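All remarks here apply to the structure that follows.
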Amino acid sequence: MYTSEKEVEIRYAETDQMGVVYHANYLVWMEIGRTKLIEDLGFTYAGLEAEGYVSPVTDLSIQYKAAMKYGQKAIVRTWVESHGRLRTTYGYEILHEDGTLAATATTEHVVVKKENFRPVSLRKIAPEWDAKYVEVRRAAD
């Protein structure tokens, strides 16, 4: 299984009145991690969009384990949990610098035509990308 890693500095604007990272900011970090994974594998999400496709989130699950605070750095680990004909599920771990687990998550995505949101197979529109996901996925769909 291939895992990508991205360090994120926690900014003051990402925290609530208690100085703790606001829960929705983990979703932004997951997007940063997913984009890094895609780039590490040799592709770009911007390239997919330029071809007239987008990949919306269809499901999200997150479990918060240990609060993160302003001034810390978050390490976002991302991998392809599963990849099938139409759906790709990404897995995430968000860690403190010392390795303490702050959150775990998954997001499920489908590729759709931008103009009508009809699902399309990644295999059909980007066979090299599809093959790479099949190669690195953690589990078969």
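Residue numbering restarts at 1 for every chain of the structure tokens, chains are lettered A, B, ... in their displayed order, and ligands are numbered from 1 as they appear.
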(message) Could you list, as an MDAnalysis selection string, every residue within 12 Å of Gly52 (chain A), counting only C-alpha atoms and ignoring same-chain residues fewer than 5 positions away?
(response) chainID A and resid 45:47 111:118 120 125
Store the residues picked out above in a file with N, CA and C atoms, as a short mmCIF file (atom, residue, chain, number, x, y, z; two decimals), in the first residue's frame.
```
data_model
loop_
_atom_site.label_atom_id
_atom_site.label_comp_id
_atom_site.auth_asym_id
_atom_site.auth_seq_id
_atom_site.Cartn_x
_atom_site.Cartn_y
_atom_site.Cartn_z
N TYR A 45 -5.34 16.75 -10.11
CA TYR A 45 -6.79 16.94 -10.10
C TYR A 45 -7.17 18.05 -11.07
N ALA A 46 -6.32 19.08 -11.17
CA ALA A 46 -6.57 20.18 -12.11
C ALA A 46 -6.62 19.66 -13.54
N GLY A 47 -5.80 18.67 -13.86
CA GLY A 47 -5.82 18.06 -15.19
C GLY A 47 -7.13 17.35 -15.46
N VAL A 111 -16.12 9.90 -10.05
CA VAL A 111 -15.78 10.84 -11.12
C VAL A 111 -17.03 11.06 -11.93
N VAL A 112 -17.34 12.33 -12.20
CA VAL A 112 -18.53 12.67 -12.97
C VAL A 112 -18.17 13.70 -14.05
N LYS A 113 -18.99 13.71 -15.09
CA LYS A 113 -18.85 14.75 -16.11
C LYS A 113 -19.28 16.07 -15.48
N LYS A 114 -18.48 17.10 -15.67
CA LYS A 114 -18.77 18.40 -15.06
C LYS A 114 -20.09 18.98 -15.55
N GLU A 115 -20.41 18.77 -16.81
CA GLU A 115 -21.60 19.39 -17.41
C GLU A 115 -22.93 18.80 -16.92
N ASN A 116 -22.94 17.50 -16.55
CA ASN A 116 -24.22 16.89 -16.18
C ASN A 116 -24.16 16.01 -14.93
N PHE A 117 -23.01 15.90 -14.34
CA PHE A 117 -22.78 15.10 -13.13
C PHE A 117 -23.10 13.62 -13.30
N ARG A 118 -23.01 13.13 -14.52
CA ARG A 118 -23.17 11.68 -14.76
C ARG A 118 -21.87 10.97 -14.42
N VAL A 120 -18.73 8.53 -14.46
CA VAL A 120 -17.92 7.88 -15.50
C VAL A 120 -16.83 7.07 -14.81
N ILE A 125 -11.72 7.18 -18.82
CA ILE A 125 -11.21 8.51 -19.16
C ILE A 125 -9.73 8.71 -18.85
#
```
(request) Can you pull out every residue within 12 Å of Met18 (chain A), counting only C-alpha atoms, but drop anything in the same chain fewer than 5 positions away, and send it as number ranges by chain? (result) A: 12, 67-70
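Checking A:Val21, A:Ala50, A:Leu41, A:Ile75 one by one against Glu128 (chain A), counting only C-alpha atoms, you find the shortest gap at A:Leu41.
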(message) List as a list of chain:residue names the protein and nucleic acid residues near region 5-7 of chain A, meaning an atom at most 8 Å away when only C-alpha atoms are counted, but skip any in the same chain fewer than 6 places from it.
(response) A:Ile32, A:Gly33, A:Lys36, A:Leu37, A:Lys73, A:Ala74, A:Ile75, A:Val76, A:Arg77, A:Thr78
Those selected residues, please, written with C-alpha atoms and delivered as a PDB file, in the first residue's frame.
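Resulting contents of selection.pdb:
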```pdb
ATOM      1  CA  ILE A  32      -4.604  18.790   0.855  1.00  0.00           C
ATOM      2  CA  GLY A  33      -3.500  15.210   1.554  1.00  0.00           C
ATOM      3  CA  LYS A  36      -0.626  15.470  -2.596  1.00  0.00           C
ATOM      4  CA  LEU A  37      -1.288  11.745  -3.037  1.00  0.00           C
ATOM      5  CA  LYS A  73       1.996  20.869  12.932  1.00  0.00           C
ATOM      6  CA  ALA A  74      -0.350  18.213  11.613  1.00  0.00           C
ATOM      7  CA  ILE A  75       0.926  15.326   9.526  1.00  0.00           C
ATOM      8  CA  VAL A  76      -1.655  14.097   7.026  1.00  0.00           C
ATOM      9  CA  ARG A  77      -1.194  10.551   5.719  1.00  0.00           C
ATOM     10  CA  THR A  78      -3.333   9.608   2.733  1.00  0.00           C
TER      11      THR A  78
END
```
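A straight line drawn from CA of Arg87 (chain A) to CA of Tyr22 (chain A) is 28.6 Å long.
In this structure, CA of Asn25 (chain A) sits 11.2 Å away from CA of Val8 (chain A).
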(message) Can you tell me which residues surround Glu135 (chain A) at a distance of at most 12 Å, considering only C-alpha atoms, apart from same-chain residues fewer than 2 positions away, and format the answer as a list in words?
(response) Met1, Tyr2, Leu41, Trp79, Val80, Glu81, Ser82, His83, Gly84, Glu128, Trp129, Asp130, Ala131, Lys132, Tyr133, Arg137, Arg138, Ala139 and Ala140 of chain A
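Distances to Lys65 (chain A) were evaluated for A:Thr104, A:Thr44, A:Thr3, A:Thr35 using only C-alpha atoms, and the minimum falls at A:Thr104.
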(message) I need the residues in chain A that are strand (DSSP E or B) according to DSSP; give them as a count of residues only.
(response) 57
(request) Mind listing the helix (DSSP H, G or I) residues of chain A, per DSSP on the backbone, as a VMD selection string? (result) chain A and resid 12 to 14 25 to 40 45 to 50 122 to 125 127 to 136
Just-selected residues, N, CA, C and O atoms written as a compact mmCIF listing (two decimals), in the first residue's frame:
```txt
# COMPACT_ATOMS: atom_id res chain seq x y z
N TYR A 12 -3.78 30.08 13.26
CA TYR A 12 -4.70 30.60 14.28
C TYR A 12 -6.14 30.60 13.77
O TYR A 12 -7.07 30.26 14.50
N ALA A 13 -6.33 30.97 12.51
CA ALA A 13 -7.67 31.06 11.93
C ALA A 13 -8.37 29.71 11.87
O ALA A 13 -9.59 29.65 11.68
N GLU A 14 -7.64 28.62 12.05
CA GLU A 14 -8.23 27.28 12.00
C GLU A 14 -8.74 26.81 13.37
O GLU A 14 -9.25 25.71 13.49
N ASN A 25 -11.96 21.94 9.74
CA ASN A 25 -10.65 22.15 9.13
C ASN A 25 -9.92 20.84 8.83
O ASN A 25 -9.07 20.80 7.93
N TYR A 26 -10.27 19.78 9.51
CA TYR A 26 -9.68 18.48 9.19
C TYR A 26 -10.05 18.07 7.76
O TYR A 26 -9.26 17.43 7.08
N LEU A 27 -11.24 18.47 7.32
CA LEU A 27 -11.68 18.15 5.96
C LEU A 27 -10.80 18.86 4.93
O LEU A 27 -10.47 18.30 3.89
N VAL A 28 -10.43 20.10 5.22
CA VAL A 28 -9.53 20.85 4.34
C VAL A 28 -8.18 20.15 4.27
O VAL A 28 -7.61 19.97 3.20
N TRP A 29 -7.68 19.71 5.41
CA TRP A 29 -6.39 19.01 5.44
C TRP A 29 -6.46 17.70 4.66
O TRP A 29 -5.50 17.29 4.01
N MET A 30 -7.61 17.04 4.73
CA MET A 30 -7.77 15.80 3.96
C MET A 30 -7.70 16.09 2.47
O MET A 30 -7.11 15.32 1.71
N GLU A 31 -8.29 17.20 2.04
CA GLU A 31 -8.20 17.57 0.63
C GLU A 31 -6.76 17.86 0.23
O GLU A 31 -6.30 17.46 -0.84
N ILE A 32 -6.03 18.53 1.11
CA ILE A 32 -4.60 18.79 0.86
C ILE A 32 -3.86 17.46 0.72
O ILE A 32 -3.05 17.27 -0.19
N GLY A 33 -4.14 16.52 1.61
CA GLY A 33 -3.50 15.21 1.55
C GLY A 33 -3.86 14.44 0.30
O GLY A 33 -3.00 13.80 -0.32
N ARG A 34 -5.12 14.48 -0.09
CA ARG A 34 -5.58 13.77 -1.29
C ARG A 34 -4.91 14.35 -2.54
O ARG A 34 -4.45 13.61 -3.41
N THR A 35 -4.83 15.68 -2.60
CA THR A 35 -4.17 16.33 -3.74
C THR A 35 -2.70 15.93 -3.80
O THR A 35 -2.17 15.65 -4.88
N LYS A 36 -2.04 15.87 -2.65
CA LYS A 36 -0.63 15.47 -2.60
C LYS A 36 -0.46 14.03 -3.05
O LYS A 36 0.45 13.70 -3.82
N LEU A 37 -1.34 13.14 -2.61
CA LEU A 37 -1.29 11.74 -3.04
C LEU A 37 -1.41 11.65 -4.55
O LEU A 37 -0.61 10.96 -5.21
N ILE A 38 -2.39 12.33 -5.12
CA ILE A 38 -2.60 12.29 -6.56
C ILE A 38 -1.36 12.78 -7.30
O ILE A 38 -0.90 12.16 -8.26
N GLU A 39 -0.77 13.87 -6.81
CA GLU A 39 0.45 14.41 -7.43
C GLU A 39 1.63 13.46 -7.27
O GLU A 39 2.42 13.27 -8.20
N ASP A 40 1.76 12.86 -6.08
CA ASP A 40 2.85 11.90 -5.85
C ASP A 40 2.75 10.71 -6.80
O ASP A 40 3.77 10.12 -7.17
N TYR A 45 -5.34 16.75 -10.11
CA TYR A 45 -6.79 16.94 -10.10
C TYR A 45 -7.17 18.05 -11.07
O TYR A 45 -8.19 17.97 -11.75
N ALA A 46 -6.32 19.08 -11.17
CA ALA A 46 -6.57 20.18 -12.11
C ALA A 46 -6.62 19.66 -13.54
O ALA A 46 -7.42 20.13 -14.36
N GLY A 47 -5.80 18.67 -13.86
CA GLY A 47 -5.82 18.06 -15.19
C GLY A 47 -7.13 17.35 -15.46
O GLY A 47 -7.67 17.42 -16.57
N LEU A 48 -7.66 16.69 -14.44
CA LEU A 48 -8.96 16.02 -14.57
C LEU A 48 -10.06 17.04 -14.85
O LEU A 48 -10.89 16.86 -15.74
N GLU A 49 -10.02 18.15 -14.11
CA GLU A 49 -11.02 19.21 -14.31
C GLU A 49 -10.89 19.84 -15.70
O GLU A 49 -11.90 20.14 -16.33
N ALA A 50 -9.67 20.01 -16.17
CA ALA A 50 -9.44 20.59 -17.50
C ALA A 50 -10.03 19.72 -18.60
O ALA A 50 -10.41 20.22 -19.66
N LEU A 122 -13.14 5.95 -14.14
CA LEU A 122 -11.80 6.49 -14.29
C LEU A 122 -11.03 5.66 -15.32
O LEU A 122 -10.24 6.20 -16.10
N ARG A 123 -11.31 4.39 -15.37
CA ARG A 123 -10.67 3.50 -16.34
C ARG A 123 -10.92 3.96 -17.78
O ARG A 123 -10.04 3.86 -18.63
N LYS A 124 -12.09 4.49 -18.03
CA LYS A 124 -12.46 4.93 -19.38
C LYS A 124 -11.79 6.25 -19.76
O LYS A 124 -11.35 6.41 -20.89
N ILE A 125 -11.72 7.18 -18.82
CA ILE A 125 -11.21 8.51 -19.16
C ILE A 125 -9.73 8.71 -18.85
O ILE A 125 -9.10 9.60 -19.42
N PRO A 127 -7.01 5.77 -18.17
CA PRO A 127 -6.62 4.39 -17.86
C PRO A 127 -5.33 4.26 -17.07
O PRO A 127 -5.20 3.35 -16.24
N GLU A 128 -4.37 5.16 -17.27
CA GLU A 128 -3.11 5.08 -16.52
C GLU A 128 -3.35 5.38 -15.04
O GLU A 128 -2.79 4.74 -14.16
N TRP A 129 -4.19 6.38 -14.79
CA TRP A 129 -4.53 6.77 -13.43
C TRP A 129 -5.26 5.61 -12.74
O TRP A 129 -4.96 5.23 -11.60
N ASP A 130 -6.23 5.04 -13.42
CA ASP A 130 -6.99 3.91 -12.90
C ASP A 130 -6.05 2.74 -12.56
O ASP A 130 -6.15 2.15 -11.49
N ALA A 131 -5.13 2.43 -13.46
CA ALA A 131 -4.20 1.32 -13.23
C ALA A 131 -3.33 1.58 -12.01
O ALA A 131 -3.04 0.65 -11.24
N LYS A 132 -2.91 2.82 -11.81
CA LYS A 132 -2.08 3.16 -10.65
C LYS A 132 -2.88 2.99 -9.37
O LYS A 132 -2.37 2.46 -8.38
N TYR A 133 -4.14 3.39 -9.37
CA TYR A 133 -4.98 3.22 -8.18
C TYR A 133 -5.20 1.73 -7.88
O TYR A 133 -5.18 1.34 -6.72
N VAL A 134 -5.38 0.93 -8.91
CA VAL A 134 -5.53 -0.52 -8.70
C VAL A 134 -4.25 -1.08 -8.09
O VAL A 134 -4.29 -1.91 -7.19
N GLU A 135 -3.11 -0.61 -8.56
CA GLU A 135 -1.81 -1.08 -8.06
C GLU A 135 -1.59 -0.72 -6.59
O GLU A 135 -1.09 -1.54 -5.83
N VAL A 136 -1.95 0.50 -6.18
CA VAL A 136 -1.60 0.98 -4.84
C VAL A 136 -2.72 0.84 -3.81
O VAL A 136 -2.48 1.07 -2.63
```
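Our summary of the geometry notes that CA of Gly91 (chain A) is positioned 26.7 Å from CA of Gly19 (chain A).
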